[in-house]
Amino acid sequence: MADIVQVKRTPLIRAPRAFSRLGRWVLGLVIFLSMVATAPPGAMAAPYAAMVIDARTGEVLHSRNADTRLHPASLTKMMTLYIAFEAVRNGEISLDTKVKISRNAASEQPSKLGLKTGQRIAFRYLIRAAAVKSANDAATAIGETLAGSEAAFARRMTRTAKALGMSRTTFKNAHGLTQKGHMSTARDMTTLGRHLLYDYPEYYNLFSRRSTDAGVRKVPNTNRRLLAAYRGADGIKTGYTRAAGFNLVASAERGNERVIATVFGGKSSTSRNAKVAELLDLGFRRAPSRAKLRRPARPPYQGNRGLGTQLASAGDSTPNGAAGKTIRVSGLVKTSLRPKGRPASAAPEVPTLLAEAQTDTATVDAPTVETPTAATEAAPKLDRDVLQASITAAIAEAEVIAAVAEQASAPIAKPRPFVGLRPMARPARLAENQTTAKPEPVVVTRLSTSGGRYWGINVGRYGSRYQAEKVLLRTALAEMATLDGSLRKVVRTPRGFDANFLGMTKESAALACRRLSARNITCETVGPS
């Protein structure tokens, strides 16, 4: 009888339990992978770096990984805007120049203004869109307009960065989207922010605007949350890409103190803003309450060196259809020809001069017979003593020439000396008869050495002299760029005390009023009375 083999059977109740454990493990793995895939890109370990400085002196108050080369993202547009301001100041372009948008600029990835290929827009609106909205299409259009192509503009950006002392920064585009080799550091971006503040103060107010008119529409500021939440914050620029994380260069002013803080690699915009606020607080705690302002040195003007040829002014002739402009590349003269000397006849021999002089003397001494005419009768008679003195002087000149000729080692061509008649003094009888018109007296009402600086501005009328002087001082500190060198003066009137800045030109007074009005400060220009 065959052996009966008994097979051990697993109870059916256990199988579902085994499958249940495996299912839970697989489900957990799927959930983890989905969380990783859907997490904010900046949260995936973007390197962190930070820098805090006293803006007045440049003193470093805090740093961490400040020299590590990282992706700057849209902080790049700070350099794009710096060069745009530089170009306007040096006459490359005006704020009202109409720029033709290329296909390359119109096709940039968001954030963007929504510009269309072939559209024309004023240069000032491109600046506003890049500074406030952080528009990539506007930044590219700025670069193509100033350098002909984005690649050429990126080279100019890098040259300018080196001139500013940003030694570890290399730019490859005008907007900051991730590209190989497009790198910077927290220290370099902090340096750039300080130069924007002090090199071009007339444009710095762009970075504090909560929104602005960009020509085609009104756009909000990407940094509006920090501007609204942190007391004294007035800029500067945000940035974000997957590789960079959430970046920000911020500046704030409280009283006489100003601090700039930079953060690279934030995990979110909220956490980044909180970290920047923490760093700004640290900066205000460490910065001295009083410090002498040491403005950074403005770098030499870079321009579009290395282009080799002049850019055509028509937009279609530039790369990618970018709108260009005619730029004088170089006016250097390679060689300078020396002017040739004027041809001169050989100097007459001294005996000849003496003979001519003696002949002239004999001619004068000999009596002459002339037919009297109306002209000769009216002419005054020549004084014999004057003629003799002239002849004597001519002979003396000839003797001097002879002495010099003997001392010279080589014959040198000398001009023929004048041996003719010397001019006579006006006869006394004619001087007596001539009537001279007396000049009319000139009444001087005011003597001024101001060089045309008769204009000024009025920043309000106040109830006391102390209050007016206080407002003048506060305004002068807030607007040093245009009010530097002007005279603060309080004028008492029947209605109160007027706070005035005097000794300005008409143009500087108008500019100061525009900038103060943008800060909601009352201002009126005052012309010469």
# chains A, B, ... in the order shown; residues from 1 in each chain; ligands from 1

$ residues_around --residues "Ala277 in chain A" --least-positions-apart "3" --cutoff "10 Å" --atoms "only C-alpha atoms" --output "ChimeraX atom specification"
/A:226,229-231,233,250,252,261,271-274,280-283

$ write_last_selection --atoms "all heavy atoms" --output "compact mmCIF listing (two decimals), in the first residue's frame"
# COMPACT_ATOMS: atom_id res chain seq x y z
N LEU A 226 6.60 91.46 1.44
CA LEU A 226 7.62 91.95 2.36
C LEU A 226 7.54 93.46 2.50
O LEU A 226 7.69 94.00 3.60
CB LEU A 226 9.01 91.54 1.87
CG LEU A 226 10.16 91.99 2.79
CD1 LEU A 226 10.15 91.19 4.07
CD2 LEU A 226 11.51 91.85 2.10
N ALA A 229 4.79 94.11 4.93
CA ALA A 229 4.88 93.52 6.27
C ALA A 229 6.04 94.04 7.09
O ALA A 229 5.96 94.07 8.32
CB ALA A 229 4.98 91.99 6.16
N TYR A 230 7.13 94.45 6.45
CA TYR A 230 8.33 94.81 7.21
C TYR A 230 8.49 96.33 7.22
O TYR A 230 8.57 96.97 6.16
CB TYR A 230 9.57 94.16 6.62
CG TYR A 230 10.78 94.26 7.53
CD1 TYR A 230 10.97 93.33 8.55
CD2 TYR A 230 11.69 95.29 7.41
CE1 TYR A 230 12.06 93.42 9.41
CE2 TYR A 230 12.78 95.40 8.26
CZ TYR A 230 12.96 94.46 9.26
OH TYR A 230 14.01 94.55 10.11
N ARG A 231 8.59 96.92 8.39
CA ARG A 231 8.69 98.37 8.53
C ARG A 231 10.01 98.87 7.97
O ARG A 231 11.09 98.42 8.37
CB ARG A 231 8.55 98.76 10.00
CG ARG A 231 8.63 100.27 10.24
CD ARG A 231 8.27 100.59 11.68
NE ARG A 231 9.19 99.99 12.63
CZ ARG A 231 10.31 100.56 13.05
NH1 ARG A 231 10.65 101.77 12.60
NH2 ARG A 231 11.08 99.95 13.93
N ALA A 233 11.01 98.60 4.81
CA ALA A 233 11.46 97.90 3.60
C ALA A 233 11.09 98.71 2.36
O ALA A 233 9.98 99.21 2.24
CB ALA A 233 10.83 96.51 3.54
N ALA A 250 16.93 92.25 -0.23
CA ALA A 250 16.02 93.22 0.38
C ALA A 250 16.81 94.33 1.04
O ALA A 250 17.93 94.13 1.51
CB ALA A 250 15.11 92.54 1.41
N ALA A 252 16.15 97.85 3.76
CA ALA A 252 15.23 98.55 4.64
C ALA A 252 15.97 99.69 5.32
O ALA A 252 17.17 99.61 5.57
CB ALA A 252 14.63 97.61 5.68
N ALA A 261 19.96 92.83 3.06
CA ALA A 261 20.04 91.40 3.38
C ALA A 261 19.73 90.59 2.13
O ALA A 261 18.83 90.93 1.36
CB ALA A 261 19.07 91.05 4.51
N SER A 271 8.57 81.32 3.85
CA SER A 271 9.73 81.09 4.72
C SER A 271 10.90 81.99 4.35
O SER A 271 11.66 82.42 5.21
CB SER A 271 10.14 79.62 4.66
OG SER A 271 10.57 79.27 3.35
N ARG A 272 11.05 82.27 3.05
CA ARG A 272 12.12 83.19 2.63
C ARG A 272 11.91 84.58 3.20
O ARG A 272 12.84 85.20 3.72
CB ARG A 272 12.15 83.25 1.11
CG ARG A 272 13.11 84.27 0.54
CD ARG A 272 12.74 84.63 -0.89
NE ARG A 272 11.44 85.29 -0.99
CZ ARG A 272 10.78 85.48 -2.12
NH1 ARG A 272 11.30 85.06 -3.26
NH2 ARG A 272 9.60 86.09 -2.12
N ASN A 273 10.69 85.10 3.09
CA ASN A 273 10.40 86.43 3.63
C ASN A 273 10.63 86.48 5.13
O ASN A 273 11.14 87.47 5.66
CB ASN A 273 8.97 86.83 3.31
CG ASN A 273 8.77 87.12 1.83
OD1 ASN A 273 9.72 87.17 1.06
ND2 ASN A 273 7.53 87.31 1.43
N ALA A 274 10.25 85.40 5.83
CA ALA A 274 10.47 85.36 7.28
C ALA A 274 11.97 85.37 7.60
O ALA A 274 12.41 86.04 8.54
CB ALA A 274 9.81 84.12 7.87
N LEU A 280 17.24 91.08 8.55
CA LEU A 280 17.18 92.54 8.64
C LEU A 280 17.16 92.99 10.10
O LEU A 280 17.83 93.97 10.46
CB LEU A 280 15.95 93.07 7.89
CG LEU A 280 16.00 92.98 6.36
CD1 LEU A 280 14.65 93.37 5.77
CD2 LEU A 280 17.09 93.88 5.80
N ASP A 281 16.39 92.30 10.92
CA ASP A 281 16.38 92.63 12.36
C ASP A 281 17.78 92.48 12.95
O ASP A 281 18.23 93.33 13.75
CB ASP A 281 15.40 91.72 13.09
CG ASP A 281 13.95 92.07 12.82
OD1 ASP A 281 13.70 93.21 12.36
OD2 ASP A 281 13.07 91.22 13.04
N LEU A 282 18.46 91.39 12.56
CA LEU A 282 19.82 91.18 13.05
C LEU A 282 20.73 92.33 12.60
O LEU A 282 21.56 92.82 13.36
CB LEU A 282 20.34 89.84 12.53
CG LEU A 282 21.77 89.42 12.91
CD1 LEU A 282 21.85 87.90 13.04
CD2 LEU A 282 22.79 89.88 11.87
N GLY A 283 20.55 92.77 11.35
CA GLY A 283 21.37 93.85 10.84
C GLY A 283 21.15 95.15 11.58
O GLY A 283 22.11 95.86 11.91

$ closest_residue --among "A:Ile391, A:Ile101, A:Leu177, A:Val491" --to "Leu126 in chain A" --atoms "only C-alpha atoms"
A:Ile101

$ residues_around --residues "Pro494 in chain A" --least-positions-apart "2" --cutoff "12 Å" --atoms "only C-alpha atoms" --output "list in words"
Arg461, Tyr462, Gly463, Ser464, Val491, Arg492, Gly496, Phe497 and Asp498 of chain A

$ write_last_selection --atoms "all heavy atoms" --output "CSV table (one decimal), in the first residue's frame"
chain,number,residue,atom,x,y,z
A,461,ARG,N,4.4,124.9,4.2
A,461,ARG,CA,4.3,126.0,5.1
A,461,ARG,C,3.9,125.5,6.5
A,461,ARG,O,3.0,124.7,6.7
A,461,ARG,CB,3.3,127.0,4.6
A,461,ARG,CG,3.1,128.3,5.5
A,461,ARG,CD,2.3,129.3,4.8
A,461,ARG,NE,2.9,129.8,3.6
A,461,ARG,CZ,2.2,130.4,2.6
A,461,ARG,NH1,0.9,130.5,2.7
A,461,ARG,NH2,2.9,130.8,1.6
A,462,TYR,N,4.6,126.0,7.6
A,462,TYR,CA,4.5,125.4,8.9
A,462,TYR,C,4.3,126.5,9.9
A,462,TYR,O,4.6,127.7,9.7
A,462,TYR,CB,5.7,124.5,9.3
A,462,TYR,CG,5.9,123.4,8.2
A,462,TYR,CD1,6.7,123.6,7.1
A,462,TYR,CD2,5.2,122.2,8.3
A,462,TYR,CE1,6.9,122.6,6.2
A,462,TYR,CE2,5.3,121.2,7.4
A,462,TYR,CZ,6.2,121.4,6.3
A,462,TYR,OH,6.3,120.5,5.4
A,463,GLY,N,3.8,126.1,11.1
A,463,GLY,CA,3.4,127.1,12.1
A,463,GLY,C,4.6,127.7,12.9
A,463,GLY,O,4.4,128.7,13.5
A,464,SER,N,5.7,127.0,12.8
A,464,SER,CA,6.9,127.5,13.6
A,464,SER,C,8.2,127.3,12.7
A,464,SER,O,8.2,126.5,11.8
A,464,SER,CB,7.0,126.8,14.9
A,464,SER,OG,7.4,125.4,14.7
A,491,VAL,N,11.6,130.9,5.3
A,491,VAL,CA,11.2,132.3,5.0
A,491,VAL,C,9.9,132.5,5.8
A,491,VAL,O,8.9,131.8,5.6
A,491,VAL,CB,10.9,132.5,3.5
A,491,VAL,CG1,10.5,133.9,3.2
A,491,VAL,CG2,12.2,132.2,2.7
A,492,ARG,N,9.9,133.6,6.6
A,492,ARG,CA,8.7,133.9,7.4
A,492,ARG,C,7.8,134.7,6.5
A,492,ARG,O,8.2,135.7,5.9
A,492,ARG,CB,9.1,134.6,8.6
A,492,ARG,CG,7.9,134.9,9.6
A,492,ARG,CD,8.4,135.5,10.9
A,492,ARG,NE,7.3,135.7,11.8
A,492,ARG,CZ,7.4,136.1,13.1
A,492,ARG,NH1,8.6,136.4,13.5
A,492,ARG,NH2,6.4,136.2,13.8
A,496,GLY,N,2.8,132.1,7.9
A,496,GLY,CA,3.6,131.0,8.5
A,496,GLY,C,5.0,131.0,8.1
A,496,GLY,O,5.5,132.0,7.6
A,497,PHE,N,5.6,129.9,8.2
A,497,PHE,CA,7.1,129.7,7.9
A,497,PHE,C,7.2,128.8,6.7
A,497,PHE,O,6.8,127.6,6.8
A,497,PHE,CB,7.8,129.2,9.1
A,497,PHE,CG,7.9,130.2,10.2
A,497,PHE,CD1,6.9,130.2,11.2
A,497,PHE,CD2,8.9,131.1,10.4
A,497,PHE,CE1,6.9,131.1,12.2
A,497,PHE,CE2,9.0,132.0,11.4
A,497,PHE,CZ,7.9,132.0,12.3
A,498,ASP,N,7.7,129.3,5.5
A,498,ASP,CA,7.9,128.5,4.3
A,498,ASP,C,9.2,127.8,4.4
A,498,ASP,O,10.3,128.4,4.7
A,498,ASP,CB,7.8,129.3,3.1
A,498,ASP,CG,6.4,129.8,2.8
A,498,ASP,OD1,5.5,129.3,3.4
A,498,ASP,OD2,6.3,130.7,1.9

$ atom_distance --atom1 "CA of Ser167 in chain A" --atom2 "CA of Val88 in chain A"
25.3 Å

$ atom_distance --atom1 "CA of Arg209 in chain A" --atom2 "CA of Ala228 in chain A"
10.5 Å

$ closest_residue --among "A:Ser111, A:Thr238, A:Ser289, A:Asn458" --to "Met78 in chain A" --atoms "only C-alpha atoms"
A:Thr238

$ closest_residue --among "A:Gly265, A:Pro201, A:Gly118, A:Pro110" --to "Arg295 in chain A" --atoms "only C-alpha atoms"
A:Pro201

$ atom_distance --atom1 "CA of Arg495 in chain A" --atom2 "CA of Thr475 in chain A"
21.7 Å

$ select_by_dssp --residues "range 109-250 of chain A" --states "helix (DSSP H, G or I)" --output "PyMOL selection string"
chain A and resi 123-133+136-147+150-164+186-199+204-208+224-229

$ write_last_selection --atoms "C-alpha atoms" --output "CSV table (one decimal), in the first residue's frame"
chain,number,residue,atom,x,y,z
A,123,PHE,CA,11.8,101.7,-23.0
A,124,ARG,CA,10.6,103.0,-19.7
A,125,TYR,CA,7.8,100.4,-19.6
A,126,LEU,CA,10.3,97.6,-20.1
A,127,ILE,CA,12.3,98.9,-17.2
A,128,ARG,CA,9.2,99.0,-15.0
A,129,ALA,CA,8.0,95.5,-16.0
A,130,ALA,CA,11.5,94.0,-15.3
A,131,ALA,CA,11.8,95.8,-11.9
A,132,VAL,CA,8.3,95.3,-10.5
A,133,LYS,CA,6.8,92.3,-12.4
A,136,ASN,CA,11.4,87.8,-18.5
A,137,ASP,CA,10.2,89.1,-21.9
A,138,ALA,CA,10.9,92.7,-20.9
A,139,ALA,CA,14.3,91.8,-19.6
A,140,THR,CA,15.3,90.1,-22.9
A,141,ALA,CA,14.0,93.0,-24.9
A,142,ILE,CA,16.1,95.4,-22.8
A,143,GLY,CA,19.2,93.3,-23.5
A,144,GLU,CA,18.6,92.9,-27.2
A,145,THR,CA,17.9,96.7,-27.6
A,146,LEU,CA,21.1,97.7,-25.9
A,147,ALA,CA,23.5,95.1,-27.3
A,150,GLU,CA,21.0,88.6,-25.6
A,151,ALA,CA,24.4,86.8,-25.8
A,152,ALA,CA,26.2,90.1,-26.4
A,153,PHE,CA,24.3,91.7,-23.6
A,154,ALA,CA,25.2,88.8,-21.2
A,155,ARG,CA,28.9,89.5,-22.0
A,156,ARG,CA,28.3,93.2,-21.2
A,157,MET,CA,26.6,92.1,-17.9
A,158,THR,CA,29.6,90.0,-16.9
A,159,ARG,CA,32.1,92.8,-17.7
A,160,THR,CA,30.0,95.2,-15.6
A,161,ALA,CA,29.9,92.7,-12.8
A,162,LYS,CA,33.7,92.4,-12.8
A,163,ALA,CA,34.0,96.2,-12.8
A,164,LEU,CA,31.7,96.3,-9.7
A,186,ALA,CA,25.1,86.1,-2.1
A,187,ARG,CA,28.0,88.5,-1.6
A,188,ASP,CA,28.0,89.6,-5.2
A,189,MET,CA,24.3,90.1,-5.3
A,190,THR,CA,24.5,92.2,-2.1
A,191,THR,CA,27.2,94.3,-3.7
A,192,LEU,CA,25.0,94.8,-6.8
A,193,GLY,CA,22.0,95.9,-4.6
A,194,ARG,CA,24.2,98.5,-2.8
A,195,HIS,CA,25.4,99.9,-6.2
A,196,LEU,CA,21.8,100.1,-7.4
A,197,LEU,CA,20.9,102.1,-4.3
A,198,TYR,CA,23.7,104.6,-4.5
A,199,ASP,CA,24.7,104.7,-8.2
A,204,TYR,CA,15.5,103.3,-6.9
A,205,ASN,CA,11.9,104.1,-6.1
A,206,LEU,CA,10.9,101.6,-8.7
A,207,PHE,CA,11.7,98.7,-6.3
A,208,SER,CA,9.3,100.0,-3.6
A,224,ARG,CA,4.8,93.3,-2.3
A,225,ARG,CA,4.3,91.1,0.8
A,226,LEU,CA,7.6,91.9,2.4
A,227,LEU,CA,7.2,95.6,1.5
A,228,ALA,CA,3.8,95.6,3.3
A,229,ALA,CA,4.9,93.5,6.3

$ residues_around --residues "Ser74 in chain A" --least-positions-apart "4" --cutoff "6 Å" --atoms "only C-alpha atoms" --output "number ranges by chain"
A: 175-176, 239

$ residues_around --residues "range 509-518 of chain A" --least-positions-apart "5" --cutoff "8 Å" --atoms "only C-alpha atoms" --output "PDB file with C-alpha atoms, in the first residue's frame"
ATOM      1  CA  GLU A 202      16.775 108.468  -9.138  1.00  0.00           C
ATOM      2  CA  TRP A 455      15.318 128.281  -8.794  1.00  0.00           C
ATOM      3  CA  GLY A 456      14.253 126.372  -5.766  1.00  0.00           C
ATOM      4  CA  ILE A 457      11.480 124.230  -4.290  1.00  0.00           C
ATOM      5  CA  GLU A 479      16.503 113.049  -1.167  1.00  0.00           C
ATOM      6  CA  THR A 482      18.890 115.962  -6.137  1.00  0.00           C
ATOM      7  CA  LEU A 483      19.068 118.288  -3.096  1.00  0.00           C
ATOM      8  CA  MET A 504      18.957 125.150  -7.835  1.00  0.00           C
ATOM      9  CA  CYS A 523       6.568 120.055  -3.310  1.00  0.00           C
ATOM     10  CA  GLU A 524       6.304 123.114  -5.559  1.00  0.00           C
ATOM     11  CA  THR A 525       8.975 124.720  -7.724  1.00  0.00           C
TER      12      THR A 525
END

$ closest_residue --among "A:Gly58, A:Pro300, A:Pro72, A:Gly255" --to "Gln179 in chain A" --atoms "only C-alpha atoms"
A:Pro72
